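Q: Dumping the structure here so I can ask a few things about it.
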Amino acid sequence: MATKLILFLIHVALINFIAKLVNTVVPDPYMDEIFHIPQAQKYCEGNYHEWDPKLTTPPGLYIISNLIILPLSHLVHSVNFCSIEFLRATNILFSIGLYIVFWKILAYLHPYQNPKTRAFNAFVLTLFPVNWFYNFLYYTDSGSTFFILWSYLLALKRKFWMSAMVSGVGVFFRQTNIGWVCFIIGVSIIDVLSDKNFSSKHFIGILKPAKNENIRFGIVIQEIFNFILIIIRNLVELMIIFFPYILVILSFISFIIWNGGIVLGDKANHIAVLHFPQIFYFISFVFFFAISVVLKFKHIKRITCSIMSRHITKTIMLLLPLMILMAFLIYNYTHEHPFLLSDNRHYTFYIWKNIYRRHDAIKYILIPCYIVAGWILWNPLASKQPFIWIMVYIAATCITLVPSPLLEFRYFIIPYYIYRLNVKQPSMERLIVELLIYACINYKTLSLFLWNGFIWENESDRIQRFMW
């Protein structure tokens with residue numbers, strides 16, 4: 001308990017110190033803040049009817065900020081609680097709450113983990129670089145992540161009504177979070193159907209999901225068929241139990257019909273695409289950030305033995321259909337968004353320019369790397385979760401990422417956390433390595449953002465800054 005409290009206080013102190021530093025060096029709205037902050041300030045003034053058409057996400061962030069600010073402004077009249085500094089502080093509160101959510105999810109999913117290790121684990125997760133960076137700006141990511149993971153925690157505890165309400169707030173931060181609402185429903189259905197005590201009282205039959213790292217194709221088909229069949233047999237009971245989530249989904253469908261699409265505001269810059277290579281970028285992203293957690297000596301040994309083995313030709317032939325499919329998806333569905341190469345402030349600009357654009361063949365040469373990374377990521381997840389659970393996770397990830405035309409690391413935050421929380425948790429030694437990796441990346445990205453600005457010729461009066 002003492003370790004948990006100490007790490008919590010360190011997290012609070014660290015995030016407030018960095019927030020103060022960011023507000024000192026970057027006191028004016030930056031990047032998307034030039035749209036978010038004026039809109040939030042309009043809400044502070046009681047103007048709920050005027051909307052900036054350049055904003056494409058719902059007003060969840062501005063409403064929550066307003067709910068916090070209004071009582072404070074009535075208590076203390078001499079302080080401007082609608083200032084940039086106070087608005088950014090909304091995300092500091094989300095970050096503080098996220099530590100608690102992490103700790104409780106870990107306690108539920110991994111009850112046998114040492115409490116001190118669990119507290120340190122939760123602390124390390126708060127430092128995940130992409131999410132950590134956006135805690136200090138007035139963006140929707142911190143709130144979006146907090147409410148979806150809180151909803152997931154409540155669903156794990158089978159508090160479905162409260163979970164649905166919280167997930168609804170998460171969708172009000174970002175529309176694509178509806179995919180994670182579907183994930184929460186899916187894994188909750190698996191949970192209640194596979195619980196013998198619960199199923200015997202409420203359902204016809206019990207789901208017995210397979211859990212195996214080397215699951216065969218025949219079992220895959222059987223698992224999916226059994227899952228669909230038991231849902232159909234218990235459809236009425238399941239609809240009653242998960243009715244609050246159905247309300248969230250129906251509300252979302254109503255919003256799409258009313259709005260004429262999923263994107264709010266100016267839809268001219270939004271291109272509807274199927275961007276399947278996003279999944280390959282996401283696999284690379286997760287592998288990079290979770291390498292200290294998932295990579296083990298046995299993986300290196302198996303890969304080396306496979307390459308050196310005389311059966312390498314057989315292995316290639318087995319993987320050939322998958323490689324052909326991936327090449328087909330890359331060839332037909334790679335999308336280079338206009339913003340990707342027009343804004344050199346984002347790291348994705350340099351990744352795309354220096355890797356994917358170096359030669360047309362690069363994106364195909366990387367296919368074996370995607371397969372190896374995917375296989376390494378599969379093993380720790382498959383050792384903890386049933387196959388059908390993983391299929392629900394993959395489906396939710398695809399629903400969230402594939403429709404997005406832009407390669408944007410912020411979109412990877414929630415699926416990364418879901419993965420990281422559900423794999424076999426690392427030892428203290430591996431957590432320390434993970435902490436060091438995160439700390440080095442955070443130090444470098446923060447330094448670049450604060451002290452390595454540059455000037456655009458067409459905006460000579462404004463400093464441009466590097467960011468995720």
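Ordered as shown in the structure tokens, chains take letters A, B, and onward, while each chain numbers its residues from 1 and ligands are numbered from 1 in the order shown.
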Pick out the residues sitting within 10 Å of Leu70 (chain A), and hand them over as a PDB file with N, CA, C and O atoms, in the first residue's frame; count only C-alpha atoms, and ignore anything fewer than 3 positions along from it in its own chain.

A:
ATOM      1  N   CYS A  44     -17.116  28.058 -21.678  1.00  0.00           N
ATOM      2  CA  CYS A  44     -16.949  28.712 -20.377  1.00  0.00           C
ATOM      3  C   CYS A  44     -17.820  29.962 -20.265  1.00  0.00           C
ATOM      4  O   CYS A  44     -18.320  30.286 -19.184  1.00  0.00           O
ATOM      5  N   GLU A  45     -17.990  30.640 -21.390  1.00  0.00           N
ATOM      6  CA  GLU A  45     -18.801  31.872 -21.426  1.00  0.00           C
ATOM      7  C   GLU A  45     -20.298  31.581 -21.527  1.00  0.00           C
ATOM      8  O   GLU A  45     -21.110  32.512 -21.541  1.00  0.00           O
ATOM      9  N   GLY A  46     -20.642  30.296 -21.598  1.00  0.00           N
ATOM     10  CA  GLY A  46     -22.052  29.931 -21.716  1.00  0.00           C
ATOM     11  C   GLY A  46     -22.559  29.900 -23.137  1.00  0.00           C
ATOM     12  O   GLY A  46     -23.768  29.767 -23.381  1.00  0.00           O
ATOM     13  N   SER A  65     -14.359  19.932 -19.079  1.00  0.00           N
ATOM     14  CA  SER A  65     -13.616  21.102 -18.573  1.00  0.00           C
ATOM     15  C   SER A  65     -14.574  22.108 -17.954  1.00  0.00           C
ATOM     16  O   SER A  65     -14.302  22.670 -16.880  1.00  0.00           O
ATOM     17  N   ASN A  66     -15.690  22.314 -18.633  1.00  0.00           N
ATOM     18  CA  ASN A  66     -16.682  23.276 -18.147  1.00  0.00           C
ATOM     19  C   ASN A  66     -17.290  22.839 -16.822  1.00  0.00           C
ATOM     20  O   ASN A  66     -17.533  23.661 -15.926  1.00  0.00           O
ATOM     21  N   LEU A  67     -17.545  21.542 -16.687  1.00  0.00           N
ATOM     22  CA  LEU A  67     -18.113  21.013 -15.442  1.00  0.00           C
ATOM     23  C   LEU A  67     -17.149  21.193 -14.268  1.00  0.00           C
ATOM     24  O   LEU A  67     -17.578  21.354 -13.118  1.00  0.00           O
ATOM     25  N   SER A  73     -15.113  28.701 -10.670  1.00  0.00           N
ATOM     26  CA  SER A  73     -15.261  30.122 -11.017  1.00  0.00           C
ATOM     27  C   SER A  73     -16.287  30.813 -10.123  1.00  0.00           C
ATOM     28  O   SER A  73     -16.201  32.025  -9.892  1.00  0.00           O
ATOM     29  N   HIS A  74     -17.255  30.052  -9.610  1.00  0.00           N
ATOM     30  CA  HIS A  74     -18.230  30.637  -8.687  1.00  0.00           C
ATOM     31  C   HIS A  74     -17.645  30.809  -7.283  1.00  0.00           C
ATOM     32  O   HIS A  74     -18.062  31.686  -6.533  1.00  0.00           O
ATOM     33  N   LEU A  75     -16.667  29.952  -6.957  1.00  0.00           N
ATOM     34  CA  LEU A  75     -16.049  30.034  -5.630  1.00  0.00           C
ATOM     35  C   LEU A  75     -14.967  31.111  -5.582  1.00  0.00           C
ATOM     36  O   LEU A  75     -14.840  31.824  -4.595  1.00  0.00           O
ATOM     37  N   PHE A  81     -10.325  30.756 -14.711  1.00  0.00           N
ATOM     38  CA  PHE A  81     -10.203  29.301 -14.827  1.00  0.00           C
ATOM     39  C   PHE A  81     -10.357  28.816 -16.269  1.00  0.00           C
ATOM     40  O   PHE A  81     -10.211  27.627 -16.530  1.00  0.00           O
ATOM     41  N   CYS A  82     -10.681  29.722 -17.179  1.00  0.00           N
ATOM     42  CA  CYS A  82     -10.769  29.361 -18.597  1.00  0.00           C
ATOM     43  C   CYS A  82      -9.483  29.696 -19.341  1.00  0.00           C
ATOM     44  O   CYS A  82      -9.463  29.721 -20.576  1.00  0.00           O
TER      45      CYS A  82
END

Q: Would you tabulate, counting only C-alpha atoms, all residues of region 108-184 of chain A that have an atom at most 10 Å from an atom of region 250-263 of chain A, showing the closest pair of atoms and their distance in Å to one decimal, sorted by chain then ascending number, as a Markdown table?

A:
| residue | atom | partner | partner_atom | distance |
| --- | --- | --- | --- | --- |
| A:Gly168 | CA | A:Phe252 | CA | 9.0 |
| A:Val171 | CA | A:Phe252 | CA | 8.4 |
| A:Phe172 | CA | A:Phe252 | CA | 9.5 |
| A:Arg174 | CA | A:Val263 | CA | 9.7 |
| A:Gln175 | CA | A:Ile262 | CA | 6.9 |
| A:Thr176 | CA | A:Ile262 | CA | 8.4 |
| A:Ile178 | CA | A:Phe252 | CA | 7.8 |

Q: Residues within 12 Å of region 351-356 of chain A, please, as a short mmCIF file (atom, residue, chain, number, x, y, z; two decimals) with C-alpha atoms, in the first residue's frame. Count only C-alpha atoms; anything in the same chain fewer than 2 positions from it doesn't count.

A:
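Listed below is the output, selection_5.cif:
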data_model
loop_
_atom_site.label_atom_id
_atom_site.label_comp_id
_atom_site.auth_asym_id
_atom_site.auth_seq_id
_atom_site.Cartn_x
_atom_site.Cartn_y
_atom_site.Cartn_z
CA PRO A 277 -1.84 -1.28 -43.74
CA TYR A 281 1.97 -0.03 -38.72
CA PHE A 285 4.34 0.31 -33.06
CA ILE A 330 -0.42 -2.97 -49.14
CA THR A 334 -1.88 1.98 -48.78
CA HIS A 335 -3.04 5.55 -48.39
CA GLU A 336 -0.69 8.52 -48.24
CA HIS A 337 -2.76 11.25 -46.61
CA PHE A 339 -1.32 15.92 -44.25
CA LEU A 340 1.30 13.19 -43.73
CA LEU A 341 3.93 14.82 -45.93
CA SER A 342 2.78 18.41 -45.62
CA ASP A 343 3.49 18.82 -41.90
CA ASN A 344 7.10 18.28 -40.81
CA ARG A 345 6.29 18.84 -37.15
CA HIS A 346 5.15 15.23 -36.63
CA TYR A 347 7.47 12.23 -36.28
CA THR A 348 5.31 10.28 -38.73
CA PHE A 349 6.45 12.74 -41.42
CA ARG A 358 12.79 5.78 -49.77
CA HIS A 359 11.82 3.12 -52.32
CA ASP A 360 8.54 1.60 -53.52
CA ALA A 361 9.80 -1.85 -52.56
CA ILE A 362 10.33 -0.94 -48.88
CA LYS A 363 6.70 -1.50 -47.88
CA TYR A 364 6.87 -5.02 -49.31
CA ILE A 365 10.32 -5.81 -47.92
CA LEU A 366 8.91 -5.09 -44.44
CA LEU A 406 -4.00 9.24 -41.67
CA LEU A 407 -1.08 7.47 -39.99
CA GLU A 408 -1.35 9.02 -36.53
CA PHE A 409 0.27 7.42 -33.47
CA TRP A 468 4.05 12.96 -31.88
#

Q: Please report, as JSON lines, each residue of region 3-29 of chain A lying at most 10 Å from region 83-101 of chain A, together with the nearest pair of atoms and the separation in Å rounded to one decimal; use only C-alpha atoms, and order rows by chain and ascending residue number.

A:
{"residue": "A:Lys4", "atom": "CA", "partner": "A:Ile100", "partner_atom": "CA", "distance": 9.5}
{"residue": "A:Leu7", "atom": "CA", "partner": "A:Tyr99", "partner_atom": "CA", "distance": 9.4}
{"residue": "A:Phe8", "atom": "CA", "partner": "A:Tyr99", "partner_atom": "CA", "distance": 7.2}
{"residue": "A:Leu9", "atom": "CA", "partner": "A:Ile96", "partner_atom": "CA", "distance": 9.4}
{"residue": "A:His11", "atom": "CA", "partner": "A:Ile96", "partner_atom": "CA", "distance": 7.4}
{"residue": "A:Val12", "atom": "CA", "partner": "A:Ile96", "partner_atom": "CA", "distance": 6.4}
{"residue": "A:Ile15", "atom": "CA", "partner": "A:Ile92", "partner_atom": "CA", "distance": 7.0}
{"residue": "A:Asn16", "atom": "CA", "partner": "A:Ile92", "partner_atom": "CA", "distance": 7.3}
{"residue": "A:Ala19", "atom": "CA", "partner": "A:Ala89", "partner_atom": "CA", "distance": 7.8}
{"residue": "A:Lys20", "atom": "CA", "partner": "A:Glu85", "partner_atom": "CA", "distance": 8.5}
{"residue": "A:Val22", "atom": "CA", "partner": "A:Glu85", "partner_atom": "CA", "distance": 9.4}
{"residue": "A:Asn23", "atom": "CA", "partner": "A:Glu85", "partner_atom": "CA", "distance": 6.3}
{"residue": "A:Thr24", "atom": "CA", "partner": "A:Glu85", "partner_atom": "CA", "distance": 9.3}
{"residue": "A:Pro27", "atom": "CA", "partner": "A:Ile84", "partner_atom": "CA", "distance": 7.5}
{"residue": "A:Asp28", "atom": "CA", "partner": "A:Ile84", "partner_atom": "CA", "distance": 7.3}
{"residue": "A:Pro29", "atom": "CA", "partner": "A:Ile84", "partner_atom": "CA", "distance": 7.2}

Q: Keeping only all heavy atoms, take the residues you just selected and write them out as a CSV table (one decimal), in the first residue's frame.

A:
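File produced: again-v1.csv:
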chain,number,residue,atom,x,y,z
A,4,LYS,N,2.4,1.8,-3.4
A,4,LYS,CA,1.3,2.4,-4.4
A,4,LYS,C,1.2,3.9,-4.1
A,4,LYS,O,1.1,4.7,-5.1
A,4,LYS,CB,0.0,1.6,-4.1
A,4,LYS,CG,-1.1,2.2,-4.9
A,4,LYS,CD,-2.4,1.4,-4.5
A,4,LYS,CE,-3.6,2.1,-5.2
A,4,LYS,NZ,-4.9,1.4,-4.7
A,7,LEU,N,4.4,5.9,-5.3
A,7,LEU,CA,4.5,6.0,-6.7
A,7,LEU,C,3.4,6.9,-7.3
A,7,LEU,O,3.6,7.7,-8.2
A,7,LEU,CB,4.4,4.6,-7.4
A,7,LEU,CG,5.6,3.7,-7.2
A,7,LEU,CD1,5.3,2.3,-7.6
A,7,LEU,CD2,6.8,4.3,-8.0
A,8,PHE,N,2.2,6.9,-6.6
A,8,PHE,CA,1.1,7.8,-7.0
A,8,PHE,C,1.5,9.2,-6.8
A,8,PHE,O,1.3,10.1,-7.7
A,8,PHE,CB,-0.1,7.5,-6.2
A,8,PHE,CG,-1.3,8.4,-6.5
A,8,PHE,CD1,-2.0,8.4,-7.6
A,8,PHE,CD2,-1.6,9.4,-5.5
A,8,PHE,CE1,-3.1,9.2,-7.9
A,8,PHE,CE2,-2.6,10.3,-5.7
A,8,PHE,CZ,-3.4,10.2,-6.9
A,9,LEU,N,2.1,9.5,-5.7
A,9,LEU,CA,2.6,10.9,-5.4
A,9,LEU,C,3.7,11.3,-6.3
A,9,LEU,O,3.8,12.5,-6.7
A,9,LEU,CB,3.0,11.0,-3.9
A,9,LEU,CG,1.9,10.8,-2.9
A,9,LEU,CD1,2.5,10.8,-1.5
A,9,LEU,CD2,0.9,11.9,-3.0
A,11,HIS,N,4.1,10.3,-9.4
A,11,HIS,CA,3.4,10.5,-10.6
A,11,HIS,C,2.7,11.9,-10.6
A,11,HIS,O,2.9,12.7,-11.6
A,11,HIS,CB,2.3,9.4,-10.9
A,11,HIS,CG,1.4,9.7,-12.1
A,11,HIS,ND1,1.9,9.9,-13.3
A,11,HIS,CD2,0.1,9.8,-12.2
A,11,HIS,CE1,0.9,10.1,-14.2
A,11,HIS,NE2,-0.2,10.1,-13.5
A,12,VAL,N,2.0,12.2,-9.6
A,12,VAL,CA,1.3,13.5,-9.5
A,12,VAL,C,2.3,14.7,-9.5
A,12,VAL,O,2.2,15.7,-10.2
A,12,VAL,CB,0.5,13.6,-8.2
A,12,VAL,CG1,-0.1,15.0,-8.0
A,12,VAL,CG2,-0.7,12.6,-8.2
A,15,ILE,N,4.1,14.9,-13.1
A,15,ILE,CA,3.2,15.4,-14.2
A,15,ILE,C,2.9,16.9,-14.0
A,15,ILE,O,2.8,17.7,-15.0
A,15,ILE,CB,2.0,14.5,-14.3
A,15,ILE,CG1,1.4,14.7,-15.7
A,15,ILE,CG2,0.9,14.9,-13.3
A,15,ILE,CD1,0.4,13.6,-16.1
A,16,ASN,N,2.8,17.3,-12.7
A,16,ASN,CA,2.5,18.7,-12.5
A,16,ASN,C,3.8,19.6,-12.8
A,16,ASN,O,3.7,20.7,-13.3
A,16,ASN,CB,2.1,18.9,-11.0
A,16,ASN,CG,0.6,18.7,-10.9
A,16,ASN,OD1,-0.2,19.5,-11.2
A,16,ASN,ND2,0.2,17.5,-10.4
A,19,ALA,N,4.0,19.8,-16.5
A,19,ALA,CA,2.9,20.7,-17.0
A,19,ALA,C,3.3,22.2,-16.8
A,19,ALA,O,3.1,23.0,-17.7
A,19,ALA,CB,1.6,20.4,-16.3
A,20,LYS,N,3.9,22.5,-15.6
A,20,LYS,CA,4.3,23.9,-15.4
A,20,LYS,C,5.4,24.3,-16.4
A,20,LYS,O,5.4,25.4,-16.9
A,20,LYS,CB,4.8,23.9,-13.9
A,20,LYS,CG,5.3,25.3,-13.5
A,20,LYS,CD,4.0,26.3,-13.4
A,20,LYS,CE,4.4,27.6,-12.9
A,20,LYS,NZ,3.3,28.6,-12.9
A,22,VAL,N,5.9,23.1,-19.4
A,22,VAL,CA,5.3,23.2,-20.8
A,22,VAL,C,4.5,24.6,-20.8
A,22,VAL,O,4.6,25.3,-21.8
A,22,VAL,CB,4.4,22.1,-21.1
A,22,VAL,CG1,3.6,22.3,-22.4
A,22,VAL,CG2,5.2,20.8,-21.3
A,23,ASN,N,3.8,24.9,-19.8
A,23,ASN,CA,3.0,26.1,-19.8
A,23,ASN,C,3.9,27.4,-19.8
A,23,ASN,O,3.5,28.4,-20.3
A,23,ASN,CB,2.1,26.2,-18.6
A,23,ASN,CG,0.9,25.2,-18.7
A,23,ASN,OD1,0.4,25.1,-19.8
A,23,ASN,ND2,0.5,24.6,-17.7
A,24,THR,N,5.1,27.2,-19.2
A,24,THR,CA,6.0,28.4,-19.2
A,24,THR,C,6.7,28.6,-20.6
A,24,THR,O,6.8,29.7,-21.1
A,24,THR,CB,7.1,28.1,-18.2
A,24,THR,OG1,6.5,27.9,-16.9
A,24,THR,CG2,8.1,29.3,-18.1
A,27,PRO,N,3.3,29.0,-23.8
A,27,PRO,CA,2.1,29.6,-23.1
A,27,PRO,C,0.9,29.8,-24.0
A,27,PRO,O,-0.2,30.0,-23.6
A,27,PRO,CB,2.7,31.0,-22.6
A,27,PRO,CG,3.7,31.3,-23.6
A,27,PRO,CD,4.4,30.0,-24.0
A,28,ASP,N,1.2,29.8,-25.3
A,28,ASP,CA,0.1,30.0,-26.3
A,28,ASP,C,-0.4,28.7,-26.9
A,28,ASP,O,0.3,27.7,-26.9
A,28,ASP,CB,0.6,30.9,-27.4
A,28,ASP,CG,1.0,32.3,-27.0
A,28,ASP,OD1,0.4,32.8,-26.1
A,28,ASP,OD2,2.1,32.8,-27.4
A,29,PRO,N,-1.6,28.7,-27.4
A,29,PRO,CA,-2.2,27.5,-28.0
A,29,PRO,C,-1.3,27.0,-29.1
A,29,PRO,O,-0.8,27.8,-30.0
A,29,PRO,CB,-3.6,27.9,-28.5
A,29,PRO,CG,-3.9,29.1,-27.7
A,29,PRO,CD,-2.6,29.8,-27.4

Q: List the spatial neighbours of Val181 (chain A) as a list in words - criterion: any atom at most 10 Å away, only C-alpha atoms, same-chain residues fewer than 2 positions off excluded.

A: Ile148, Ser151, Tyr152, Ser163, Ala164, Val166, Ser167, Gly168, Gly170, Val171, Thr176, Asn177, Ile178, Gly179, Phe183, Ile184, Ile185, Gly186, Tyr245, Ile246, Val248, Ile249 and Ala396 of chain A

Q: Hey, what's within 10 Å of Gln425 (chain A) if we count only C-alpha atoms and toss same-chain stuff fewer than 2 positions away? As a short mmCIF file (atom, residue, chain, number, x, y, z; two decimals) with all heavy atoms, in the first residue's frame, please?

A:
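out.cif, written as the output of this step:
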data_model
loop_
_atom_site.label_atom_id
_atom_site.label_comp_id
_atom_site.auth_asym_id
_atom_site.auth_seq_id
_atom_site.Cartn_x
_atom_site.Cartn_y
_atom_site.Cartn_z
N LEU A 106 -4.98 -4.02 -13.41
CA LEU A 106 -3.92 -5.00 -13.17
C LEU A 106 -4.26 -5.91 -11.99
O LEU A 106 -4.00 -7.12 -12.04
CB LEU A 106 -2.58 -4.29 -12.92
CG LEU A 106 -1.95 -3.60 -14.14
CD1 LEU A 106 -0.82 -2.69 -13.70
CD2 LEU A 106 -1.44 -4.63 -15.14
N LEU A 109 -6.98 -8.34 -13.43
CA LEU A 109 -6.53 -9.29 -14.46
C LEU A 109 -5.37 -10.16 -13.99
O LEU A 109 -5.21 -11.29 -14.45
CB LEU A 109 -6.11 -8.52 -15.72
CG LEU A 109 -7.21 -7.82 -16.50
CD1 LEU A 109 -6.61 -7.02 -17.66
CD2 LEU A 109 -8.23 -8.82 -17.04
N HIS A 110 -4.56 -9.62 -13.08
CA HIS A 110 -3.35 -10.34 -12.63
C HIS A 110 -3.28 -10.30 -11.11
O HIS A 110 -2.38 -9.67 -10.53
CB HIS A 110 -2.10 -9.70 -13.26
CG HIS A 110 -2.21 -9.50 -14.73
ND1 HIS A 110 -2.02 -10.52 -15.65
CD2 HIS A 110 -2.52 -8.40 -15.47
CE1 HIS A 110 -2.20 -10.05 -16.87
NE2 HIS A 110 -2.50 -8.78 -16.78
N GLN A 113 0.02 -11.04 -9.09
CA GLN A 113 1.22 -10.21 -9.21
C GLN A 113 1.52 -9.54 -7.87
O GLN A 113 0.61 -9.09 -7.17
CB GLN A 113 1.02 -9.14 -10.30
CG GLN A 113 2.28 -8.35 -10.61
CD GLN A 113 2.07 -7.34 -11.73
OE1 GLN A 113 1.01 -6.74 -11.83
NE2 GLN A 113 3.09 -7.14 -12.55
N THR A 117 5.13 -4.75 -7.26
CA THR A 117 5.39 -4.82 -8.71
C THR A 117 4.22 -4.25 -9.49
O THR A 117 4.39 -3.55 -10.49
CB THR A 117 5.65 -6.28 -9.13
OG1 THR A 117 6.68 -6.84 -8.33
CG2 THR A 117 6.03 -6.36 -10.60
N ARG A 118 3.00 -4.54 -9.02
CA ARG A 118 1.80 -4.03 -9.68
C ARG A 118 1.75 -2.51 -9.63
O ARG A 118 1.43 -1.85 -10.63
CB ARG A 118 0.55 -4.61 -9.02
CG ARG A 118 -0.76 -4.21 -9.72
CD ARG A 118 -1.96 -4.67 -8.91
NE ARG A 118 -1.87 -6.08 -8.63
CZ ARG A 118 -2.17 -6.65 -7.47
NH1 ARG A 118 -2.56 -5.91 -6.45
NH2 ARG A 118 -2.08 -7.96 -7.31
N ASN A 121 4.25 -1.26 -12.01
CA ASN A 121 3.72 -1.54 -13.34
C ASN A 121 2.77 -0.43 -13.78
O ASN A 121 2.87 0.11 -14.90
CB ASN A 121 3.00 -2.89 -13.33
CG ASN A 121 2.77 -3.46 -14.71
OD1 ASN A 121 3.07 -2.84 -15.72
ND2 ASN A 121 2.23 -4.67 -14.76
N VAL A 293 8.82 -6.19 -22.81
CA VAL A 293 7.81 -7.03 -22.16
C VAL A 293 7.63 -8.35 -22.89
O VAL A 293 7.52 -9.42 -22.28
CB VAL A 293 6.45 -6.29 -22.07
CG1 VAL A 293 5.37 -7.19 -21.50
CG2 VAL A 293 6.59 -5.02 -21.25
N VAL A 294 7.61 -8.31 -24.23
CA VAL A 294 7.20 -9.48 -25.01
C VAL A 294 8.36 -10.30 -25.57
O VAL A 294 8.22 -11.50 -25.80
CB VAL A 294 6.27 -9.07 -26.17
CG1 VAL A 294 5.02 -8.40 -25.63
CG2 VAL A 294 6.98 -8.14 -27.17
N PRO A 380 2.50 -13.94 -26.06
CA PRO A 380 2.15 -13.56 -24.68
C PRO A 380 0.67 -13.27 -24.49
O PRO A 380 0.13 -13.43 -23.39
CB PRO A 380 2.99 -12.31 -24.43
CG PRO A 380 3.39 -11.81 -25.75
CD PRO A 380 3.44 -12.99 -26.67
N LYS A 384 -2.49 -15.86 -22.24
CA LYS A 384 -3.35 -15.33 -21.17
C LYS A 384 -4.83 -15.27 -21.55
O LYS A 384 -5.70 -15.40 -20.69
CB LYS A 384 -2.89 -13.90 -20.81
CG LYS A 384 -1.57 -13.83 -20.08
CD LYS A 384 -1.62 -14.47 -18.71
CE LYS A 384 -2.53 -13.68 -17.76
NZ LYS A 384 -2.51 -14.27 -16.39
N ARG A 420 -1.23 -4.31 -23.76
CA ARG A 420 -0.22 -4.33 -22.69
C ARG A 420 -0.79 -4.80 -21.36
O ARG A 420 -0.11 -5.48 -20.57
CB ARG A 420 0.38 -2.93 -22.58
CG ARG A 420 1.37 -2.71 -21.46
CD ARG A 420 2.61 -3.56 -21.56
NE ARG A 420 3.50 -3.21 -20.47
CZ ARG A 420 3.32 -3.57 -19.19
NH1 ARG A 420 2.29 -4.34 -18.87
NH2 ARG A 420 4.18 -3.19 -18.26
N LEU A 421 -2.04 -4.46 -21.09
CA LEU A 421 -2.68 -4.85 -19.84
C LEU A 421 -3.06 -6.33 -19.81
O LEU A 421 -3.18 -6.92 -18.73
CB LEU A 421 -3.93 -4.01 -19.58
CG LEU A 421 -3.69 -2.55 -19.18
CD1 LEU A 421 -4.97 -1.73 -19.36
CD2 LEU A 421 -3.19 -2.44 -17.75
N ASN A 422 -3.27 -6.93 -20.99
CA ASN A 422 -3.82 -8.29 -21.03
C ASN A 422 -2.78 -9.37 -21.30
O ASN A 422 -3.11 -10.56 -21.24
CB ASN A 422 -4.92 -8.36 -22.09
CG ASN A 422 -6.24 -7.81 -21.56
OD1 ASN A 422 -6.98 -8.48 -20.86
ND2 ASN A 422 -6.52 -6.55 -21.89
N VAL A 423 -1.55 -8.99 -21.62
CA VAL A 423 -0.51 -10.01 -21.78
C VAL A 423 0.01 -10.42 -20.40
O VAL A 423 -0.30 -9.80 -19.39
CB VAL A 423 0.66 -9.50 -22.66
CG1 VAL A 423 0.19 -9.18 -24.06
CG2 VAL A 423 1.34 -8.28 -22.01
N SER A 427 8.33 -9.10 -15.26
CA SER A 427 8.99 -9.08 -13.95
C SER A 427 9.45 -7.67 -13.63
O SER A 427 9.43 -6.78 -14.49
CB SER A 427 10.20 -10.02 -13.97
OG SER A 427 11.15 -9.55 -14.92
N MET A 428 9.87 -7.46 -12.41
CA MET A 428 10.36 -6.14 -12.00
C MET A 428 11.55 -5.71 -12.85
O MET A 428 11.67 -4.53 -13.21
CB MET A 428 10.74 -6.15 -10.52
CG MET A 428 11.25 -4.82 -10.00
SD MET A 428 10.03 -3.48 -10.13
CE MET A 428 9.06 -3.79 -8.66
N ARG A 430 12.23 -6.48 -15.99
CA ARG A 430 11.76 -6.05 -17.31
C ARG A 430 11.01 -4.72 -17.21
O ARG A 430 11.08 -3.90 -18.12
CB ARG A 430 10.86 -7.12 -17.92
CG ARG A 430 11.64 -8.32 -18.46
CD ARG A 430 10.71 -9.35 -19.07
NE ARG A 430 11.48 -10.42 -19.70
CZ ARG A 430 11.82 -10.47 -20.98
NH1 ARG A 430 11.46 -9.48 -21.79
NH2 ARG A 430 12.52 -11.47 -21.47
N LEU A 431 10.30 -4.51 -16.12
CA LEU A 431 9.60 -3.24 -15.92
C LEU A 431 10.61 -2.09 -15.81
O LEU A 431 10.34 -0.98 -16.31
CB LEU A 431 8.74 -3.29 -14.66
CG LEU A 431 7.40 -4.02 -14.78
CD1 LEU A 431 6.74 -4.16 -13.42
CD2 LEU A 431 6.45 -3.28 -15.73
#

Q: As a ChimeraX atom specification, please: the residues near Cys369 (chain A) (cut-off 12 Å, only C-alpha atoms, same-chain neighbours under 5 positions excluded).

A: /A:280-281,283-284,287-288,303,323,326,362-364,374-376

Q: Taking into account only C-alpha atoms, which residue in the set A:Leu207, A:Phe243, A:Ile390, A:Gly453 is nearest to Ile231 (chain A)?

A: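 Selected residue with least distance to Ile231 (chain A): A:Leu207.
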